[in-house]
Amino acid sequence: MPFPIRSDVAAESRSQPLIVQIVYDGPPEAGKTTSVRALGRFFGREVYTPEEREGRTVYFDWLEHVGGHFEGAPISFRIASVPGQERWLGRRAYFLERTHAVVFVGDTSHNGWSETIARLAELRVRLSARGSPPVGVVFQANRRDCADAVPIEEVRRVADSYGLALVESIAVDGTGVREAFVFAVRLALDHLREHAALGLPGAPEEPSASGILEVLRGLELPDAGQSAARAEDSAVGDTFCSSPAAPAHDVASGLVWPPVEGRIVLRAATRTPVQPIATLRGDFEAEVSDGFRLHSRAADVFTEVEVGRGALIRWARLHANAQELLSPRRCITLSETGGGEHRLWQVVRKEPSLRLLFLDGFERASGPATARLLAMAGRLLSEAQGLCAAAAVPLSCTLDTIGMSEQNRPIFIDLMPYPDGLEPCVTDPDEVAGELASLFREASTLERADVLTAVRATPAHTFGPWGGARIHQALTKLLEQPKVAP
Ligand SMILES: Nc1nc2c(ncn2[C@@H]2O[C@H](COP(=O)(O)OP(=O)(O)O)[C@@H](O)[C@H]2O)c(=O)[nH]1
Ligand SMILES: [Mg+2]
């Protein structure tokens, strides 16, 4: 896979407009037309609907708006809402194959929920068929005014499981419509930038950070106000604890990795405002919404944004190499501190570690079941070590840093190390055995004897594709000792 971030931002002026296409998709009657019309009112523009039968959209709703400029060239937004009924599938596909981002208008009233989920599943299949770069989706959870609306926690769970950004809306009075659109524009710009960076045919020229800001300002969207509010927040922070502002989801495209999906993660993680706190080492961290964790090293602050971008790119390369092993809900970003500088952050969702998963199962398990769990943990750890070696990314693979994916594969769940000062890779069965034995540090002699008998009876190869026999042997030895060494 070619490396997806380009460090140089094209700066020549251009006269061709940058076309940004956003599609409104969703089940019939969810509120797509109502949303596009609300947007039209906001822009002061007429929505064009080629044909309507009994109030239902047959072709599409179409809204065009030229908003702001990009380095002298106008930005042209093309916004289409597609007919939701099954029989217009072909018309819908036409738009979905071309769009740069999607606002999925879901009906979150009790009656509309099951069809909304079915549509979402279908949309995912359709968009993933488009390949790279990904097309970002904002889930505009509509009809939040309905008394029987599905609880927002349930809606959030679904949005998360599909990797979508979530915005609540009441399209009939316009609530949430603009917010969903603005975020979709950001995802579309991430997509376009990435499309250009990958050198794909027909790629429009990518907008620069300043260009995007100009675009958003031109639209009179609420970013300027938000940035000012953030600057104010961090000014307060500076006075009291010299804390930088937490990263925000509206960083310029090119300053968040991975593109598109990274921005969605960043948005989920920064849903509730948070003030990072300094650790004893001078790093900054915060625990944020939905189980996310933010972290930034003391030294990773940059006065020149391009220098910071260079650091982001080096680190993104390391992430890209380790992608097969990395837990998916994470991103890295270069974000304004509020004091005129930029800071490099990583955002990682907390996932259960193997130690937690093991201890959970262990409480209810018999000797043989415990041995099976040990073998599984051993296999996952040695597989993780193998993946690190293959990718030449030396991650520390322990019961605390490795978890398990839905496909029962190992995933690295800890903070990503930095490209500087990496240790060489190790694949060491003895180390894996030591990790497994550490689970029995607190166990009584009696329990250990049970487990030892069961481990002896467990086939060695189940402990891992490589070095399973050595893990098995070393673990047996460690469990035989009266007290497992720390
Ligand atoms: N209560 C409520 N009704 C809505 C909302 N959004 C749309 N509607 C109504 O739902 C119906 C279908 O909306 P429409 O935009 O035509 O749906 P589309 O088929 O997705 O384009 C219309 O009668 C709208 O007034 C909302 O947020 N709350
Ligand atoms: Mg419609």
# chains A, B, ... in the order shown; residues from 1 in each chain; ligands from 1
>>> residues_around(residues="segment 253-256 of chain A", least_positions_apart="4", cutoff="6 Å", atoms="only C-alpha atoms", output="PyMOL selection string")
chain A and resi 190+332-334
>>> select_by_dssp(residues="segment 307-423 of chain A", states="strand (DSSP E or B)", output="list in words")
Leu326, Arg330, Cys331, Ile332, Thr333, Leu334, Ser335, Glu336, His342, Arg343, Leu344, Trp345, Gln346, Val347, Val348, Arg349, Ile402, Gly403, Met404, Pro410, Ile411 and Phe412 of chain A
>>> residues_around(residues="segment 157-162 of chain A", least_positions_apart="2", cutoff="12 Å", atoms="only C-alpha atoms", output="VMD selection string")
chain A and resid 104 106 108 113 to 114 116 to 125 127 to 128 136 to 141 150 to 155 164 to 168 261 264 to 265 267 to 269 290 to 291 328 to 329 349 406
>>> residues_around(residues="Glu447 of chain A", least_positions_apart="3", cutoff="12 Å", atoms="only C-alpha atoms", output="number ranges by chain")
A: 362-363, 365-368, 370-371, 439-444, 450-454, 479-480, 482
>>> residues_near_ligand(ligand="ligand 1", cutoff="7 Å", atoms="only C-alpha atoms and all ligand atoms", output="PDB file with N, CA and C atoms, in the first residue's frame")
ATOM      1  N   GLY A  26     -30.431   7.173   3.005  1.00  0.00           N
ATOM      2  CA  GLY A  26     -31.202   6.701   4.155  1.00  0.00           C
ATOM      3  C   GLY A  26     -32.480   6.043   3.696  1.00  0.00           C
ATOM      4  N   PRO A  27     -33.194   5.419   4.618  1.00  0.00           N
ATOM      5  CA  PRO A  27     -34.435   4.749   4.243  1.00  0.00           C
ATOM      6  C   PRO A  27     -35.503   5.755   3.808  1.00  0.00           C
ATOM      7  N   PRO A  28     -36.562   5.292   3.127  1.00  0.00           N
ATOM      8  CA  PRO A  28     -37.631   6.194   2.720  1.00  0.00           C
ATOM      9  C   PRO A  28     -38.251   6.867   3.939  1.00  0.00           C
ATOM     10  N   GLU A  29     -38.629   8.110   3.784  1.00  0.00           N
ATOM     11  CA  GLU A  29     -39.365   8.852   4.823  1.00  0.00           C
ATOM     12  C   GLU A  29     -38.525   9.176   6.058  1.00  0.00           C
ATOM     13  N   ALA A  30     -37.212   9.039   5.944  1.00  0.00           N
ATOM     14  CA  ALA A  30     -36.374   9.274   7.126  1.00  0.00           C
ATOM     15  C   ALA A  30     -36.177  10.762   7.379  1.00  0.00           C
ATOM     16  N   GLY A  31     -36.288  11.564   6.302  1.00  0.00           N
ATOM     17  CA  GLY A  31     -36.084  13.005   6.462  1.00  0.00           C
ATOM     18  C   GLY A  31     -34.978  13.564   5.580  1.00  0.00           C
ATOM     19  N   LYS A  32     -34.638  12.858   4.502  1.00  0.00           N
ATOM     20  CA  LYS A  32     -33.557  13.326   3.612  1.00  0.00           C
ATOM     21  C   LYS A  32     -33.954  14.632   2.922  1.00  0.00           C
ATOM     22  N   THR A  33     -35.120  14.622   2.261  1.00  0.00           N
ATOM     23  CA  THR A  33     -35.566  15.825   1.551  1.00  0.00           C
ATOM     24  C   THR A  33     -35.710  16.989   2.523  1.00  0.00           C
ATOM     25  N   THR A  34     -36.292  16.715   3.683  1.00  0.00           N
ATOM     26  CA  THR A  34     -36.464  17.767   4.699  1.00  0.00           C
ATOM     27  C   THR A  34     -35.099  18.347   5.094  1.00  0.00           C
ATOM     28  N   SER A  35     -34.097  17.486   5.235  1.00  0.00           N
ATOM     29  CA  SER A  35     -32.758  17.949   5.625  1.00  0.00           C
ATOM     30  C   SER A  35     -32.141  18.816   4.534  1.00  0.00           C
ATOM     31  N   GLY A  55     -45.463  13.697  -3.148  1.00  0.00           N
ATOM     32  CA  GLY A  55     -44.572  14.153  -2.079  1.00  0.00           C
ATOM     33  C   GLY A  55     -43.337  13.271  -1.884  1.00  0.00           C
ATOM     34  N   ARG A  56     -43.160  12.194  -2.710  1.00  0.00           N
ATOM     35  CA  ARG A  56     -41.991  11.333  -2.568  1.00  0.00           C
ATOM     36  C   ARG A  56     -40.987  11.672  -3.666  1.00  0.00           C
ATOM     37  N   THR A  57     -39.717  11.655  -3.311  1.00  0.00           N
ATOM     38  CA  THR A  57     -38.671  11.973  -4.275  1.00  0.00           C
ATOM     39  C   THR A  57     -38.524  10.809  -5.254  1.00  0.00           C
ATOM     40  N   PRO A  83     -33.463   8.976  -3.885  1.00  0.00           N
ATOM     41  CA  PRO A  83     -34.725   8.364  -3.493  1.00  0.00           C
ATOM     42  C   PRO A  83     -34.456   7.115  -2.657  1.00  0.00           C
ATOM     43  N   GLY A  84     -35.234   6.950  -1.601  1.00  0.00           N
ATOM     44  CA  GLY A  84     -34.972   5.858  -0.665  1.00  0.00           C
ATOM     45  C   GLY A  84     -35.663   4.559  -1.026  1.00  0.00           C
ATOM     46  N   ASN A 142     -32.074  11.102  12.902  1.00  0.00           N
ATOM     47  CA  ASN A 142     -33.197  12.025  12.770  1.00  0.00           C
ATOM     48  C   ASN A 142     -34.399  11.589  13.616  1.00  0.00           C
ATOM     49  N   ARG A 143     -35.366  12.505  13.715  1.00  0.00           N
ATOM     50  CA  ARG A 143     -36.612  12.326  14.475  1.00  0.00           C
ATOM     51  C   ARG A 143     -36.338  12.145  15.968  1.00  0.00           C
ATOM     52  N   ARG A 144     -35.364  12.898  16.460  1.00  0.00           N
ATOM     53  CA  ARG A 144     -35.079  12.813  17.895  1.00  0.00           C
ATOM     54  C   ARG A 144     -36.202  13.459  18.707  1.00  0.00           C
ATOM     55  N   ASP A 145     -37.142  14.147  18.025  1.00  0.00           N
ATOM     56  CA  ASP A 145     -38.272  14.765  18.725  1.00  0.00           C
ATOM     57  C   ASP A 145     -39.363  13.733  19.025  1.00  0.00           C
ATOM     58  N   CYS A 146     -39.296  12.548  18.437  1.00  0.00           N
ATOM     59  CA  CYS A 146     -40.370  11.568  18.633  1.00  0.00           C
ATOM     60  C   CYS A 146     -40.309  10.984  20.044  1.00  0.00           C
ATOM     61  N   SER A 169     -30.514  14.816  15.133  1.00  0.00           N
ATOM     62  CA  SER A 169     -31.206  15.888  14.413  1.00  0.00           C
ATOM     63  C   SER A 169     -32.719  15.820  14.543  1.00  0.00           C
ATOM     64  N   ILE A 170     -33.317  16.994  14.323  1.00  0.00           N
ATOM     65  CA  ILE A 170     -34.764  17.101  14.122  1.00  0.00           C
ATOM     66  C   ILE A 170     -34.883  17.913  12.830  1.00  0.00           C
ATOM     67  N   ALA A 171     -34.963  17.202  11.717  1.00  0.00           N
ATOM     68  CA  ALA A 171     -34.861  17.888  10.418  1.00  0.00           C
ATOM     69  C   ALA A 171     -35.990  18.891  10.212  1.00  0.00           C
ATOM     70  N   VAL A 172     -37.175  18.607  10.765  1.00  0.00           N
ATOM     71  CA  VAL A 172     -38.312  19.517  10.534  1.00  0.00           C
ATOM     72  C   VAL A 172     -38.050  20.923  11.072  1.00  0.00           C
TER      73      VAL A 172
END
>>> select_by_dssp(residues="segment 382-461 of chain A", states="helix (DSSP H, G or I)", output="MDAnalysis selection string")
chainID A and resid 382:391 429:440 445:457 460:461
>>> closest_residue(among="A:His191, A:Arg98, A:Arg92, A:Arg41", to="ligand 2", atoms="only C-alpha atoms and all ligand atoms")
A:Arg92
>>> residues_around(residues="Leu357 of chain A", least_positions_apart="4", cutoff="9 Å", atoms="only C-alpha atoms", output="number ranges by chain")
A: 352-353, 361-362, 403-404
>>> residues_around(residues="segment 382-390 of chain A", least_positions_apart="2", cutoff="6 Å", atoms="only C-alpha atoms", output="ChimeraX atom specification")
/A:379-380,392-394,410,425,427
>>> decode(residues="segment 156-170 of chain A", atoms="N, CA, C and O atoms", output="PDB file, in the first residue's frame")
ATOM      1  N   ARG A 156     -25.854   5.289  19.446  1.00  0.00           N
ATOM      2  CA  ARG A 156     -24.401   5.481  19.474  1.00  0.00           C
ATOM      3  C   ARG A 156     -23.674   4.143  19.299  1.00  0.00           C
ATOM      4  O   ARG A 156     -22.667   4.042  18.605  1.00  0.00           O
ATOM      5  N   ARG A 157     -24.224   3.096  19.928  1.00  0.00           N
ATOM      6  CA  ARG A 157     -23.598   1.773  19.825  1.00  0.00           C
ATOM      7  C   ARG A 157     -23.559   1.336  18.346  1.00  0.00           C
ATOM      8  O   ARG A 157     -22.551   0.852  17.857  1.00  0.00           O
ATOM      9  N   VAL A 158     -24.666   1.556  17.655  1.00  0.00           N
ATOM     10  CA  VAL A 158     -24.738   1.175  16.238  1.00  0.00           C
ATOM     11  C   VAL A 158     -23.770   2.032  15.411  1.00  0.00           C
ATOM     12  O   VAL A 158     -22.998   1.513  14.597  1.00  0.00           O
ATOM     13  N   ALA A 159     -23.780   3.348  15.644  1.00  0.00           N
ATOM     14  CA  ALA A 159     -22.880   4.235  14.894  1.00  0.00           C
ATOM     15  C   ALA A 159     -21.425   3.806  15.097  1.00  0.00           C
ATOM     16  O   ALA A 159     -20.656   3.718  14.138  1.00  0.00           O
ATOM     17  N   ASP A 160     -21.071   3.492  16.349  1.00  0.00           N
ATOM     18  CA  ASP A 160     -19.696   3.068  16.644  1.00  0.00           C
ATOM     19  C   ASP A 160     -19.352   1.776  15.929  1.00  0.00           C
ATOM     20  O   ASP A 160     -18.264   1.630  15.386  1.00  0.00           O
ATOM     21  N   SER A 161     -20.291   0.835  15.959  1.00  0.00           N
ATOM     22  CA  SER A 161     -19.971  -0.467  15.382  1.00  0.00           C
ATOM     23  C   SER A 161     -19.781  -0.346  13.860  1.00  0.00           C
ATOM     24  O   SER A 161     -19.095  -1.153  13.264  1.00  0.00           O
ATOM     25  N   TYR A 162     -20.358   0.666  13.253  1.00  0.00           N
ATOM     26  CA  TYR A 162     -20.161   0.878  11.817  1.00  0.00           C
ATOM     27  C   TYR A 162     -19.054   1.902  11.546  1.00  0.00           C
ATOM     28  O   TYR A 162     -18.784   2.221  10.387  1.00  0.00           O
ATOM     29  N   GLY A 163     -18.461   2.456  12.591  1.00  0.00           N
ATOM     30  CA  GLY A 163     -17.403   3.455  12.395  1.00  0.00           C
ATOM     31  C   GLY A 163     -17.919   4.759  11.795  1.00  0.00           C
ATOM     32  O   GLY A 163     -17.280   5.360  10.944  1.00  0.00           O
ATOM     33  N   LEU A 164     -19.100   5.219  12.236  1.00  0.00           N
ATOM     34  CA  LEU A 164     -19.688   6.440  11.693  1.00  0.00           C
ATOM     35  C   LEU A 164     -19.650   7.557  12.726  1.00  0.00           C
ATOM     36  O   LEU A 164     -19.694   7.305  13.924  1.00  0.00           O
ATOM     37  N   ALA A 165     -19.602   8.797  12.207  1.00  0.00           N
ATOM     38  CA  ALA A 165     -19.759   9.939  13.106  1.00  0.00           C
ATOM     39  C   ALA A 165     -21.248  10.087  13.393  1.00  0.00           C
ATOM     40  O   ALA A 165     -22.075   9.793  12.533  1.00  0.00           O
ATOM     41  N   LEU A 166     -21.592  10.527  14.588  1.00  0.00           N
ATOM     42  CA  LEU A 166     -23.014  10.618  14.943  1.00  0.00           C
ATOM     43  C   LEU A 166     -23.419  12.059  15.237  1.00  0.00           C
ATOM     44  O   LEU A 166     -22.734  12.763  15.973  1.00  0.00           O
ATOM     45  N   VAL A 167     -24.531  12.500  14.623  1.00  0.00           N
ATOM     46  CA  VAL A 167     -25.115  13.810  14.932  1.00  0.00           C
ATOM     47  C   VAL A 167     -26.619  13.605  15.111  1.00  0.00           C
ATOM     48  O   VAL A 167     -27.270  13.022  14.241  1.00  0.00           O
ATOM     49  N   GLU A 168     -27.175  14.069  16.210  1.00  0.00           N
ATOM     50  CA  GLU A 168     -28.627  13.961  16.419  1.00  0.00           C
ATOM     51  C   GLU A 168     -29.321  15.089  15.669  1.00  0.00           C
ATOM     52  O   GLU A 168     -28.806  16.203  15.614  1.00  0.00           O
ATOM     53  N   SER A 169     -30.514  14.816  15.133  1.00  0.00           N
ATOM     54  CA  SER A 169     -31.206  15.888  14.413  1.00  0.00           C
ATOM     55  C   SER A 169     -32.719  15.820  14.543  1.00  0.00           C
ATOM     56  O   SER A 169     -33.295  14.779  14.864  1.00  0.00           O
ATOM     57  N   ILE A 170     -33.317  16.994  14.323  1.00  0.00           N
ATOM     58  CA  ILE A 170     -34.764  17.101  14.122  1.00  0.00           C
ATOM     59  C   ILE A 170     -34.883  17.913  12.830  1.00  0.00           C
ATOM     60  O   ILE A 170     -34.867  19.144  12.855  1.00  0.00           O
TER      61      ILE A 170
END
